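**Student:** Sharing coords-v2.txt here; it has compact mmCIF, C-alpha atoms.
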# COMPACT_ATOMS: atom_id res chain seq x y z
CA MET A 1407 16.02 -16.24 -30.24
CA SER A 1408 12.74 -16.46 -32.15
CA ASN A 1409 10.13 -13.79 -31.82
CA PRO A 1410 7.85 -14.46 -28.84
CA SER A 1411 4.11 -14.87 -29.29
CA PRO A 1412 2.52 -11.47 -28.57
CA THR A 1413 0.30 -11.10 -25.53
CA PRO A 1414 -1.84 -8.14 -24.36
CA THR A 1415 0.76 -5.41 -23.84
CA LEU A 1416 0.83 -1.79 -22.75
CA LEU A 1417 3.80 0.07 -24.25
CA LEU A 1418 5.01 3.12 -22.31
CA PRO A 1419 7.76 4.75 -24.41
CA HIS A 1420 9.88 7.67 -23.15
CA LEU A 1421 8.90 7.14 -19.53
CA PRO A 1422 11.50 8.85 -17.28
CA PRO A 1423 13.48 6.53 -14.98
CA LYS A 1424 12.44 6.42 -11.32
CA THR A 1425 8.84 7.20 -12.17
CA LEU A 1426 6.33 5.56 -9.84
CA ILE A 1427 4.25 3.02 -11.80
CA GLY A 1428 1.18 1.30 -10.49
CA ILE A 1429 -0.95 -1.28 -12.24
CA ASP A 1430 -3.88 -2.67 -10.30
CA LEU A 1431 -2.52 -3.49 -6.80
CA ILE A 1432 1.16 -3.57 -7.79
CA THR A 1433 3.57 -0.61 -7.68
CA PHE A 1434 7.21 -0.28 -8.70
CA THR A 1435 9.70 2.31 -9.93
CA SER A 1436 10.64 2.43 -13.61
CA THR A 1437 14.18 1.73 -14.80
CA PRO A 1438 15.97 3.17 -17.87
CA ASN A 1439 15.24 -0.08 -19.75
CA PHE A 1440 11.54 -0.19 -18.86
CA HIS A 1441 9.28 0.20 -21.91
CA GLY A 1442 5.99 -1.39 -20.90
CA ILE A 1443 4.04 -4.28 -19.37
CA ARG A 1444 3.19 -7.52 -21.16
CA ASP A 1445 1.00 -10.55 -20.35
CA ILE A 1446 -1.84 -8.37 -19.05
CA PRO A 1447 -4.78 -10.68 -18.25
CA PRO A 1448 -8.29 -10.04 -19.60
CA GLY A 1449 -10.54 -7.74 -17.61
CA TRP A 1450 -10.46 -4.25 -16.12
CA HIS A 1451 -7.14 -2.66 -15.17
CA PHE A 1452 -6.00 0.64 -13.71
CA LEU A 1453 -2.55 2.01 -14.55
CA TYR A 1454 -1.28 5.19 -12.91
CA THR A 1455 1.95 7.14 -12.51
CA GLY A 1456 3.45 9.55 -10.02
CA THR A 1457 6.56 11.69 -10.22
CA THR A 1458 7.65 10.51 -6.76
CA GLU A 1459 6.78 7.67 -4.41
CA GLY A 1460 5.61 10.17 -1.80
CA LEU A 1461 2.87 12.77 -2.05
CA SER A 1462 2.53 13.83 -5.65
CA LEU A 1463 -0.17 14.05 -8.26
CA ARG A 1464 -1.06 10.56 -9.40
CA CYS A 1465 -2.73 10.32 -12.76
CA GLY A 1466 -4.08 7.09 -14.16
CA GLY A 1467 -6.51 5.49 -16.54
CA TRP A 1468 -8.96 2.60 -16.50
CA PHE A 1469 -8.91 0.31 -19.53
CA HIS A 1470 -10.35 -3.08 -20.46
CA VAL A 1471 -8.48 -5.98 -22.05
CA ASP A 1472 -10.68 -8.24 -24.15
CA ASP A 1473 -10.02 -11.93 -24.58
CA HIS A 1474 -12.26 -12.56 -27.61
CA LYS A 1475 -9.60 -11.66 -30.19
CA ARG A 1476 -7.37 -14.52 -29.11
CA SER A 1477 -10.28 -16.92 -29.12
CA ILE A 1478 -10.94 -16.26 -32.81
CA GLY A 1479 -7.32 -16.26 -33.84
CA GLY A 1480 -6.85 -12.47 -33.97
CA GLU A 1481 -3.99 -10.44 -32.57
CA PRO A 1482 -4.00 -9.51 -28.87
CA GLU A 1483 -4.31 -5.90 -27.82
CA ILE A 1484 -1.19 -3.74 -28.03
CA ARG A 1485 -1.77 -0.29 -26.53
CA VAL A 1486 0.68 2.61 -26.65
CA TRP A 1487 0.59 5.33 -23.98
CA ARG A 1488 3.36 7.85 -24.53
CA TRP A 1489 4.84 10.00 -21.75
CA ASN A 1490 4.19 13.72 -22.15
CA ASP A 1491 6.98 15.75 -20.55
CA ASN A 1492 4.89 18.91 -20.50
CA THR A 1493 2.00 17.46 -18.50
CA GLU A 1494 4.03 14.78 -16.70
CA SER A 1495 1.44 12.16 -17.56
CA LEU A 1496 0.74 9.35 -20.02
CA GLU A 1497 -1.57 9.78 -22.98
CA PRO A 1498 -2.65 7.29 -25.68
CA LEU A 1499 -1.57 7.99 -29.24
CA ASP A 1500 -4.60 9.32 -31.10
CA ALA A 1501 -5.54 9.03 -34.79
CA ASP A 1502 -3.11 11.80 -35.78
CA ARG A 1503 -0.19 9.74 -34.46
CA ARG A 1504 -1.17 6.40 -35.93
CA GLN A 1505 2.15 5.95 -37.80
CA GLU A 1506 4.09 6.54 -34.60
CA GLY A 1507 2.02 3.91 -32.85
CA MET A 1508 2.58 1.39 -35.64
CA ARG A 1509 6.36 1.88 -35.33
CA TYR A 1510 6.26 1.15 -31.62
CA LYS A 1511 4.21 -1.99 -32.24
CA ALA A 1512 6.63 -3.15 -34.97
CA ASN A 1513 9.48 -2.92 -32.45
CA LEU A 1514 7.67 -5.10 -29.90
CA GLY A 1515 9.78 -8.21 -30.50
CA ALA A 1516 13.06 -6.32 -30.00
CA LEU A 1517 11.80 -4.82 -26.75
CA TRP A 1518 10.79 -8.27 -25.50
CA ARG A 1519 14.15 -9.84 -26.34
CA GLY A 1520 15.98 -6.90 -24.77
CA GLY A 1521 14.12 -7.30 -21.46
CA GLY A 1522 12.35 -3.97 -21.81
CA LEU A 1523 8.88 -5.42 -21.20
CA PHE A 1524 8.07 -6.43 -17.65
CA GLY A 1525 5.61 -9.29 -17.31
CA TYR A 1526 2.44 -8.68 -15.31
CA ARG A 1527 3.13 -12.05 -13.70
CA SER A 1528 6.75 -11.28 -12.85
CA ARG A 1529 5.82 -8.03 -11.13
CA ILE A 1530 3.49 -9.92 -8.77
CA THR A 1531 6.18 -12.52 -8.14
CA ARG A 1532 8.75 -9.82 -7.42
CA ALA A 1533 6.40 -8.10 -4.99
CA LEU A 1534 5.95 -11.38 -3.16
CA GLN A 1535 9.72 -11.88 -3.03
CA VAL A 1536 10.13 -8.53 -1.32
CA ALA A 1537 7.36 -9.38 1.12
CA LYS A 1538 9.07 -12.66 1.97
CA GLY A 1539 12.43 -10.99 2.51
CA GLY A 1540 14.32 -12.08 -0.59
CA GLY A 1541 14.68 -15.35 -2.42
CA ILE A 1542 11.96 -17.72 -3.51
CA GLU A 1543 13.83 -20.99 -3.10
CA GLY A 1544 11.49 -23.56 -1.64
CA HIS A 1545 8.51 -21.24 -1.98
CA GLY A 1546 7.58 -21.86 -5.61
CA ASP A 1547 4.20 -23.48 -4.96
CA GLU A 1548 3.37 -20.95 -2.26
CA ILE A 1549 4.19 -18.00 -4.51
CA ASP A 1550 2.17 -19.46 -7.39
CA GLU A 1551 -0.78 -19.89 -5.06
CA GLU A 1552 -0.49 -16.35 -3.66
CA GLU A 1553 -0.05 -14.94 -7.15
CA GLU A 1554 -3.21 -16.62 -8.36
CA GLU A 1555 -5.00 -15.39 -5.24
CA GLY A 1556 -3.84 -11.84 -6.05
CA ARG A 1557 -5.27 -12.09 -9.57
CA ARG A 1558 -8.50 -13.57 -8.26
CA ASN A 1559 -8.80 -10.79 -5.67
CA TRP A 1560 -8.41 -8.13 -8.36
CA ARG A 1561 -11.09 -9.77 -10.51
CA GLU A 1562 -13.44 -9.87 -7.52
CA LEU A 1563 -12.66 -6.24 -6.69
CA THR A 1564 -13.60 -5.14 -10.23
CA ASP A 1565 -16.21 -7.66 -11.40
CA ARG A 1566 -19.07 -5.11 -11.34
CA LEU A 1567 -17.22 -2.42 -13.29
CA THR A 1568 -18.59 -1.70 -16.75
CA SER A 1569 -18.04 0.95 -19.39
CA ARG A 1570 -21.57 2.22 -18.63
CA LEU A 1571 -20.67 2.74 -14.98
CA LEU A 1572 -17.40 4.52 -15.77
CA CYS A 1573 -19.15 6.75 -18.33
CA ARG A 1574 -21.82 7.59 -15.75
CA ILE A 1575 -19.21 8.60 -13.18
CA MET A 1576 -16.61 10.26 -15.45
CA GLY A 1577 -18.32 10.90 -18.78
CA GLU A 1578 -17.55 9.59 -22.25
CA PRO A 1579 -13.83 9.33 -23.15
CA GLU A 1580 -12.77 11.88 -25.73
CA GLY A 1581 -9.65 13.46 -27.21
CA PHE A 1582 -6.45 11.78 -26.01
CA ASP A 1583 -8.52 9.25 -24.05
CA VAL A 1584 -9.32 7.38 -27.28
CA ASP A 1585 -6.35 5.90 -29.17
CA TRP A 1586 -5.88 5.52 -32.93
CA GLU A 1587 -7.60 2.13 -32.90
CA GLY A 1588 -10.65 3.43 -31.03
CA ARG A 1589 -9.77 1.91 -27.64
CA GLU A 1590 -10.93 3.98 -24.68
CA ARG A 1591 -9.59 4.82 -21.26
CA TRP A 1592 -11.16 6.71 -18.35
CA VAL A 1593 -8.79 9.14 -16.63
CA VAL A 1594 -8.70 9.71 -12.86
CA THR A 1595 -6.23 11.85 -10.90
CA SER A 1596 -5.63 12.48 -7.23
CA GLY A 1597 -7.42 15.80 -7.70
CA SER A 1598 -10.55 14.50 -9.43
CA THR A 1599 -13.60 15.36 -7.37
CA ALA A 1600 -17.35 15.45 -7.15
CA ARG A 1601 -18.87 18.89 -6.78
CA ARG A 1602 -20.17 18.13 -3.29
CA ASP A 1603 -16.63 17.36 -2.08
CA ASP A 1604 -14.95 20.37 -3.67
CA ASP A 1605 -13.89 23.22 -1.40
CA ASP A 1606 -14.84 26.26 -3.44
CA ILE A 1607 -13.22 29.16 -1.60
CA PRO A 1608 -13.45 32.50 -3.45
CA GLY A 1609 -10.04 33.92 -4.33
CA LEU A 1610 -8.16 30.79 -3.28
CA GLU A 1611 -6.76 28.27 -5.73
CA GLY A 1612 -6.58 24.67 -4.57
CA ASN A 1613 -9.09 22.47 -2.81
CA GLY A 1614 -6.97 21.46 0.13
CA HIS A 1615 -6.79 17.77 -0.77
CA GLY A 1616 -4.10 17.84 -3.40
CA ALA A 1617 -0.46 16.86 -3.30
CA SER A 1618 2.68 18.90 -3.44
CA SER A 1619 3.43 18.65 -7.15
CA PHE A 1620 0.19 20.08 -8.54
CA SER A 1621 -2.53 22.61 -7.88
CA TYR A 1622 -6.25 22.55 -8.56
CA THR A 1623 -7.70 25.76 -9.93
CA GLY A 1624 -11.19 27.05 -9.35
CA SER A 1625 -11.98 26.48 -13.04
CA GLY A 1626 -11.49 22.73 -12.62
CA GLU A 1627 -8.05 22.51 -14.18
CA VAL A 1628 -5.23 20.38 -12.77
CA VAL A 1629 -1.84 22.03 -13.17
CA ALA A 1630 1.49 20.19 -12.90
CA ALA A 1631 4.48 21.50 -10.98
CA ASN A 1632 5.91 23.05 -14.13
CA GLY A 1633 2.74 25.09 -14.67
CA ASP A 1634 1.32 23.06 -17.60
CA ALA A 1635 -2.26 21.90 -17.50
CA ILE A 1636 -2.80 18.15 -17.39
CA GLY A 1637 -5.19 17.57 -20.26
CA ASP A 1638 -8.30 19.69 -20.41
CA LYS A 1639 -10.46 20.66 -17.49
CA GLU A 1640 -10.77 18.07 -14.78
CA LYS A 1641 -14.04 16.18 -15.13
CA GLU A 1642 -16.31 16.16 -12.12
CA PHE A 1643 -17.41 12.81 -10.74
CA SER A 1644 -21.13 12.10 -11.10
CA PHE A 1645 -21.62 9.86 -8.11
CA LEU A 1646 -24.87 8.32 -6.93
CA PRO A 1647 -26.83 10.99 -5.01
CA VAL A 1648 -26.52 9.77 -1.41
CA ASP A 1649 -28.13 12.20 1.04
CA LEU A 1650 -27.95 10.72 4.54
CA LYS A 1651 -29.83 13.66 6.04
CA MET A 1652 -32.99 12.98 4.03
CA THR A 1653 -33.75 9.30 3.55
CA TRP A 1654 -37.53 9.50 3.25
CA ARG A 1655 -39.88 10.34 0.40
CA GLU A 1656 -40.90 13.91 -0.20
CA GLY A 1657 -43.98 14.75 1.82
CA ALA A 1658 -43.43 12.03 4.44
CA ILE A 1659 -44.38 13.01 7.98
CA GLY A 1660 -44.69 11.42 11.38
CA ARG A 1661 -43.95 7.74 11.84
CA GLU A 1662 -43.09 7.19 8.16
CA ARG A 1663 -40.38 9.81 8.32
CA THR A 1664 -39.00 8.52 11.61
CA GLU A 1665 -38.86 4.92 10.38
CA ALA A 1666 -37.16 5.98 7.13
CA ALA A 1667 -34.51 7.80 9.19
CA ARG A 1668 -33.81 4.66 11.24
CA ASP A 1669 -34.10 2.23 8.30
CA LYS A 1670 -32.67 3.65 5.08
CA SER A 1671 -33.96 0.83 2.85
CA TRP A 1672 -36.33 3.21 1.06
CA ALA A 1673 -33.48 5.59 0.15
CA LEU A 1674 -31.38 2.67 -1.09
CA GLY A 1675 -34.26 1.43 -3.23
CA GLU A 1676 -34.73 4.88 -4.76
CA ILE A 1677 -31.07 5.05 -5.78
CA ILE A 1678 -31.16 1.53 -7.23
CA GLN A 1679 -34.24 2.35 -9.31
CA ARG A 1680 -32.69 5.60 -10.52
CA VAL A 1681 -29.70 3.81 -12.12
CA SER A 1682 -31.55 0.69 -13.25
CA ALA A 1683 -31.49 0.22 -17.00
CA GLY A 1684 -33.01 -3.25 -16.96
CA GLY A 1685 -34.52 -3.76 -13.50
CA ASP A 1686 -33.22 -3.89 -9.95
CA PRO A 1687 -30.33 -6.33 -10.62
CA GLU A 1688 -28.72 -3.77 -12.95
CA GLY A 1689 -29.24 -0.99 -10.41
CA GLU A 1690 -27.77 -3.10 -7.60
CA ALA A 1691 -24.77 -3.89 -9.80
CA GLN A 1692 -24.27 -0.15 -10.36
CA VAL A 1693 -24.22 0.49 -6.60
CA ILE A 1694 -21.73 -2.32 -5.96
CA GLY A 1695 -19.66 -1.20 -8.95
CA GLU A 1696 -19.43 2.31 -7.50
CA LEU A 1697 -18.36 0.82 -4.18
CA GLN A 1698 -15.58 -0.99 -6.04
CA PHE A 1699 -14.52 2.06 -8.04
CA THR A 1700 -14.43 4.50 -5.12
CA PHE A 1701 -12.51 2.11 -2.86
CA LEU A 1702 -9.85 1.36 -5.45
CA MET A 1703 -9.36 5.03 -6.32
CA GLY A 1704 -8.91 5.77 -2.64
CA LEU A 1705 -6.53 2.85 -2.18
CA THR A 1706 -4.30 3.44 -5.22
CA ILE A 1707 -4.20 7.22 -5.70
CA MET A 1708 -5.72 8.41 -2.38
CA ASN A 1709 -8.51 10.32 -4.11
CA TYR A 1710 -10.31 12.23 -1.36
CA SER A 1711 -13.68 12.50 -3.10
CA CYS A 1712 -13.80 8.76 -3.84
CA LEU A 1713 -13.06 7.92 -0.22
CA GLN A 1714 -15.91 10.18 0.90
CA GLN A 1715 -18.36 8.52 -1.50
CA TRP A 1716 -17.22 5.05 -0.42
CA LYS A 1717 -18.00 6.00 3.18
CA ARG A 1718 -21.36 7.54 2.21
CA LEU A 1719 -22.41 4.38 0.39
CA LEU A 1720 -21.42 2.19 3.33
CA ARG A 1721 -23.31 4.45 5.75
CA LEU A 1722 -26.39 4.14 3.55
CA ILE A 1723 -26.27 0.37 2.98
CA LEU A 1724 -25.25 -0.67 6.49
CA THR A 1725 -28.13 1.26 8.06
CA CYS A 1726 -30.79 -0.61 6.08
CA ARG A 1727 -33.04 -3.09 7.88
CA ARG A 1728 -35.79 -4.22 5.50
CA ALA A 1729 -33.18 -4.71 2.77
CA ILE A 1730 -31.62 -7.48 4.88
CA VAL A 1731 -34.59 -9.64 3.82
CA ASP A 1732 -35.92 -7.85 0.73
CA ARG A 1733 -32.48 -7.50 -0.92
CA ALA A 1734 -30.68 -10.38 0.76
CA SER A 1735 -28.49 -11.26 -2.21
CA PHE A 1736 -27.40 -7.65 -2.69
CA MET A 1737 -26.63 -7.14 1.01
CA ALA A 1738 -24.63 -10.37 1.13
CA ASP A 1739 -22.63 -9.30 -1.95
CA VAL A 1740 -21.83 -5.96 -0.29
CA LEU A 1741 -20.58 -7.66 2.88
CA GLN A 1742 -18.44 -10.09 0.86
CA LEU A 1743 -16.97 -7.19 -1.10
CA LEU A 1744 -16.31 -5.21 2.08
CA LEU A 1745 -14.42 -8.16 3.58
CA LEU A 1746 -12.22 -8.40 0.50
CA GLN A 1747 -11.63 -4.64 0.52
CA LEU A 1748 -10.59 -4.70 4.16
CA GLN A 1749 -8.19 -7.53 3.43
CA ARG A 1750 -6.46 -5.31 0.83
CA CYS A 1751 -6.35 -2.10 2.90
CA ASP A 1752 -2.70 -2.65 3.82
CA ASP A 1753 -1.69 -2.68 0.14
CA VAL A 1754 -1.21 1.09 0.45
CA GLU A 1755 1.86 2.16 2.41
CA GLY A 1756 0.90 2.80 6.02
CA GLY A 1757 -2.55 1.26 5.59
CA LEU A 1758 -5.64 2.91 4.13
CA PHE A 1759 -7.28 3.57 7.50
CA ASP A 1760 -4.12 5.16 8.91
CA GLN A 1761 -3.98 7.44 5.87
CA MET A 1762 -7.63 8.38 6.32
CA GLY A 1763 -7.12 8.98 10.03
CA ALA A 1764 -4.14 11.27 9.42
CA GLU A 1765 -6.22 13.25 6.93
CA GLU A 1766 -9.27 13.57 9.15
CA GLY A 1767 -7.44 14.05 12.43
CA ARG A 1768 -8.86 10.92 14.07
CA GLU A 1769 -8.98 7.16 13.77
CA GLY A 1770 -9.79 6.40 10.14
CA SER A 1771 -11.55 3.10 10.87
CA ASP A 1772 -13.78 4.45 13.63
CA PHE A 1773 -16.72 5.14 11.32
CA LEU A 1774 -16.74 1.57 10.00
CA ARG A 1775 -16.46 -0.08 13.40
CA LYS A 1776 -19.52 1.85 14.60
CA LEU A 1777 -21.44 1.00 11.43
CA LEU A 1778 -20.74 -2.72 11.72
CA LYS A 1779 -21.66 -2.75 15.38
CA SER A 1780 -25.03 -1.12 14.66
CA PHE A 1781 -25.59 -3.36 11.65
CA ARG A 1782 -25.01 -6.48 13.75
CA THR A 1783 -27.71 -5.41 16.18
CA ALA A 1784 -30.16 -4.69 13.36
CA LEU A 1785 -29.32 -7.96 11.59
CA TYR A 1786 -30.18 -10.16 14.56
CA GLU A 1787 -33.32 -8.17 15.37
CA VAL A 1788 -34.59 -8.48 11.79
CA LEU A 1789 -33.79 -12.20 11.54
CA GLU A 1790 -35.16 -13.07 14.98
CA ASP A 1791 -38.47 -14.30 13.52
CA PHE A 1792 -37.06 -15.24 10.11
CA ASP A 1793 -37.08 -18.93 9.24
CA GLY A 1794 -34.40 -20.48 7.09
CA PRO A 1795 -30.78 -19.63 6.32
CA SER A 1796 -29.81 -16.06 5.54
CA PRO A 1797 -26.96 -15.28 3.09
CA VAL A 1798 -26.61 -11.90 4.80
CA LYS A 1799 -26.00 -13.51 8.19
CA THR A 1800 -23.51 -15.98 6.70
CA ALA A 1801 -21.55 -13.20 4.97
CA PHE A 1802 -21.62 -11.00 8.06
CA GLU A 1803 -20.34 -13.78 10.32
CA ARG A 1804 -17.30 -14.20 8.07
CA LEU A 1805 -16.72 -10.44 8.12
CA GLU A 1806 -17.21 -10.25 11.90
CA SER A 1807 -14.77 -13.09 12.51
CA TRP A 1808 -12.12 -11.43 10.34
CA VAL A 1809 -12.31 -7.93 11.87
CA GLN A 1810 -12.26 -9.48 15.34
CA SER A 1811 -9.07 -11.42 14.61
CA GLU A 1812 -7.31 -8.70 12.56
CA TYR A 1813 -8.49 -5.46 14.19
CA ASP A 1814 -9.65 -6.77 17.58
CA TRP A 1815 -13.10 -5.24 17.01
CA GLU A 1816 -15.87 -6.55 19.24
CA LEU A 1817 -19.11 -5.97 17.34
CA ASN A 1818 -21.44 -7.60 19.85
CA ARG A 1819 -22.75 -4.82 22.09
CA ASP A 1820 -23.78 -7.31 24.78
CA ALA A 1821 -20.17 -8.50 25.09
CA VAL A 1822 -19.05 -5.06 26.30
CA LEU A 1823 -19.29 -4.31 30.01
CA ARG A 1824 -21.41 -1.17 30.45
CA LYS A 1825 -21.62 -1.01 34.24
CA GLY A 1826 -19.07 -1.84 36.90
CA MET A 1827 -16.87 -0.76 39.80
CA VAL A 1828 -13.72 1.27 39.13
CA GLN A 1829 -10.99 1.94 41.68
CA LEU A 1830 -9.64 5.48 41.71
CA GLU A 1831 -6.04 6.49 42.49
CA ASP A 1832 -6.81 7.13 46.15
CA GLY A 1833 -8.28 3.65 46.53
CA GLU A 1834 -11.91 4.73 46.54
CA GLU A 1835 -14.25 2.56 44.47
CA VAL A 1836 -17.03 4.10 42.40
CA GLU A 1837 -19.67 2.60 40.14
CA LEU A 1838 -19.59 3.74 36.51
CA GLU A 1839 -22.22 3.15 33.86
CA MET A 1840 -22.08 3.82 30.10
CA LEU A 1841 -25.22 5.87 29.46
CA GLN A 1842 -24.94 6.52 25.74
CA ASP A 1843 -24.40 4.11 22.91
CA GLU A 1844 -22.81 4.75 19.57
CA GLU A 1845 -25.61 5.67 17.20
CA ASP A 1846 -25.79 6.59 13.56
CA ASP A 1847 -24.84 10.19 12.75
CA TYR A 1848 -28.33 11.04 11.50
CA ALA A 1849 -30.51 8.83 13.73
CA PRO A 1850 -33.64 10.51 15.10
CA VAL A 1851 -33.56 11.78 18.67
CA VAL A 1852 -36.65 11.74 20.93
CA VAL A 1853 -37.03 14.90 23.00
CA ASP A 1854 -39.68 16.12 25.43
CA LEU A 1855 -41.59 19.14 24.11
CA PRO A 1856 -43.09 21.69 26.46
CA ASP A 1857 -46.82 21.47 27.01
CA SER A 1858 -48.51 23.78 24.51
CA ASN A 1859 -51.76 23.92 26.48
CA PRO A 1860 -52.34 27.10 28.49
Written as structure tokens, how would this file's structure read?
**Tutor:**
Amino acid sequence: MSNPSPTPTLLLPHLPPKTLIGIDLITFTSTPNFHGIRDIPPGWHFLYTGTTEGLSLRCGGWFHVDDHKRSIGGEPEIRVWRWNDNTESLEPLDADRRQEGMRYKANLGALWRGGGLFGYRSRITRALQVAKGGGIEGHGDEIDEEEEEGRRNWRELTDRLTSRLLCRIMGEPEGFDVDWEGRERWVVTSGSTARRDDDDIPGLEGNGHGASSFSYTGSGEVVAANGDAIGDKEKEFSFLPVDLKMTWREGAIGRERTEAARDKSWALGEIIQRVSAGGDPEGEAQVIGELQFTFLMGLTIMNYSCLQQWKRLLRLILTCRRAIVDRASFMADVLQLLLLQLQRCDDVEGGLFDQMGAEEGREGSDFLRKLLKSFRTALYEVLEDFDGPSPVKTAFERLESWVQSEYDWELNRDAVLRKGMVQLEDGEEVELEMLQDEEDDYAPVVVDLPDSNP
């Protein structure tokens, strides 16, 4: 057999069998003959590992595959991430191990012929086979279509990610995060956290959100089950500063403050301007990119801090009113992204919302259902006197239709009966009325103050 034409490949030598491997939205368990993944398409990818399929520390890295080398006749990217038994994680070979990396690359053809490289395409196909209960006879066209849809979904879930955004959130890659050819990766673990989400309890190691095979020390260091530190100190996330309890400008009083509490468009605009390098479009892309990053880190490695930031961003954006008109394109993009994210929530075992609910002791999707219900009311109030089509309304209608069919959520408040007769066990009928509506957590409340006049 002749040597195959090389394609973008990630070599993973010395990986222990039965290690959980995840790349993008696909997971599988490694075999003794598994040595890496080939045919990786251009774009952003996230590869992570876990010592078990259950609760364990999951450690992964973001990396980008360029397509320009093939277009000019150069060689495709061949990366080498070697398993470290001491830290139970993968690390790229740095400049000091260049010769070792070259040997692995030289053996690429033999690994391919020996079946040691799993194709990115074949892993998707195999996942679809399992979902369909076995064989693929008679389903070839359907599988090809679903496979292409899976790739397209991943591109749409990551199309706002950039190296600038990842550096802003996680800092510049350094040390083992840069390989001998200068290619970077951005490391995330299940224990990575933003300072605001870290439980700092004096005298107690661990933040309460970790898994059974690692601990998180107060100094910011992640420690594997065998006691070895995983890399250096865990980097803190630098998320966008979302403060839902203060969404007005400093010094605002009276009506201005009240309106800014009900309509958080000013707070959203401030955050967009803060991260804008070249105007509002760049800032809006940063916000959407962080929505993408935090959701995927919650979905793939169940990172607690990322899930909290994803929820904070949604609570900020979906309580904006003026932005429905002033930032129509941005709001429509957020709703389209949210629909796609909801469609992928079941990619995690048990469903993302069920996992969140088990962690928080209540229904994980409750916060989003309330947000969407309030947003629907605001949307139609804002657009009542607005002439012309609205991309926000079009995107929301698609989202509303999907959650109604999939989750049985009724977002139209007027469609819910709020007053009626109820028959008790003894046969007596009483009239009940729903007095309170579901409001935003930080909405202003009007109260009667005592008369200050003597």
**Student:** At a cut-off of 12 Å around the point (-15.3, 4.7, 2.8) (file coordinates), what residues fall inside when counting only C-alpha atoms? I'd like the answer as a PyMOL selection string.
**Tutor:** chain A and resi 1696-1705+1708-1724+1744+1747-1748+1751+1758-1759+1762-1763+1770-1775+1777
**Student:** May I have the residues from that selection written out with C-alpha atoms, as an mmCIF file, in the frame of the given file?
**Tutor:**
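Saved result, part_14.cif, follows:
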data_model
loop_
_atom_site.group_PDB
_atom_site.id
_atom_site.type_symbol
_atom_site.label_atom_id
_atom_site.label_comp_id
_atom_site.auth_asym_id
_atom_site.auth_seq_id
_atom_site.Cartn_x
_atom_site.Cartn_y
_atom_site.Cartn_z
ATOM 1 C CA GLU A 1696 -19.430 2.310 -7.500
ATOM 2 C CA LEU A 1697 -18.360 0.820 -4.180
ATOM 3 C CA GLN A 1698 -15.580 -0.990 -6.040
ATOM 4 C CA PHE A 1699 -14.520 2.060 -8.040
ATOM 5 C CA THR A 1700 -14.430 4.500 -5.120
ATOM 6 C CA PHE A 1701 -12.510 2.110 -2.860
ATOM 7 C CA LEU A 1702 -9.850 1.360 -5.450
ATOM 8 C CA MET A 1703 -9.360 5.030 -6.320
ATOM 9 C CA GLY A 1704 -8.910 5.770 -2.640
ATOM 10 C CA LEU A 1705 -6.530 2.850 -2.180
ATOM 11 C CA MET A 1708 -5.720 8.410 -2.380
ATOM 12 C CA ASN A 1709 -8.510 10.320 -4.110
ATOM 13 C CA TYR A 1710 -10.310 12.230 -1.360
ATOM 14 C CA SER A 1711 -13.680 12.500 -3.100
ATOM 15 C CA CYS A 1712 -13.800 8.760 -3.840
ATOM 16 C CA LEU A 1713 -13.060 7.920 -0.220
ATOM 17 C CA GLN A 1714 -15.910 10.180 0.900
ATOM 18 C CA GLN A 1715 -18.360 8.520 -1.500
ATOM 19 C CA TRP A 1716 -17.220 5.050 -0.420
ATOM 20 C CA LYS A 1717 -18.000 6.000 3.180
ATOM 21 C CA ARG A 1718 -21.360 7.540 2.210
ATOM 22 C CA LEU A 1719 -22.410 4.380 0.390
ATOM 23 C CA LEU A 1720 -21.420 2.190 3.330
ATOM 24 C CA ARG A 1721 -23.310 4.450 5.750
ATOM 25 C CA LEU A 1722 -26.390 4.140 3.550
ATOM 26 C CA ILE A 1723 -26.270 0.370 2.980
ATOM 27 C CA LEU A 1724 -25.250 -0.670 6.490
ATOM 28 C CA LEU A 1744 -16.310 -5.210 2.080
ATOM 29 C CA GLN A 1747 -11.630 -4.640 0.520
ATOM 30 C CA LEU A 1748 -10.590 -4.700 4.160
ATOM 31 C CA CYS A 1751 -6.350 -2.100 2.900
ATOM 32 C CA LEU A 1758 -5.640 2.910 4.130
ATOM 33 C CA PHE A 1759 -7.280 3.570 7.500
ATOM 34 C CA MET A 1762 -7.630 8.380 6.320
ATOM 35 C CA GLY A 1763 -7.120 8.980 10.030
ATOM 36 C CA GLY A 1770 -9.790 6.400 10.140
ATOM 37 C CA SER A 1771 -11.550 3.100 10.870
ATOM 38 C CA ASP A 1772 -13.780 4.450 13.630
ATOM 39 C CA PHE A 1773 -16.720 5.140 11.320
ATOM 40 C CA LEU A 1774 -16.740 1.570 10.000
ATOM 41 C CA ARG A 1775 -16.460 -0.080 13.400
ATOM 42 C CA LEU A 1777 -21.440 1.000 11.430
#
**Student:** For Met1737 in chain A, which residue among A:Val1798, A:Ala1667, A:Ile1678, A:Ile1707 is the nearest when counting all atoms listed in the file?
**Tutor:**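 Answer, going by the shortest atom-to-atom distance: A:Val1798.
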**Student:** What does the distance from CA of His1451 in chain A to CA of Leu1517 in chain A come to in Å, to one decimal?
**Tutor:**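 These two atoms are separated by 22.3 Å.
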**Student:** Residues near Thr1437 in chain A, anyone? I mean within 10 Å using all atoms listed in the file, not counting same-chain ones fewer than 3 positions away, as a ChimeraX atom specification.
**Tutor:** /A:1421-1425,1434,1440-1441,1522
**Student:** With 7 Å as the threshold, what does the neighbourhood of (2.3, 5.6, -26.8) contain in terms of residues, counting all atoms listed in the file? Coordinates are those of the file; answer as a PyMOL selection string.
**Tutor:** chain A and resi 1417-1419+1486-1488+1497-1499+1507
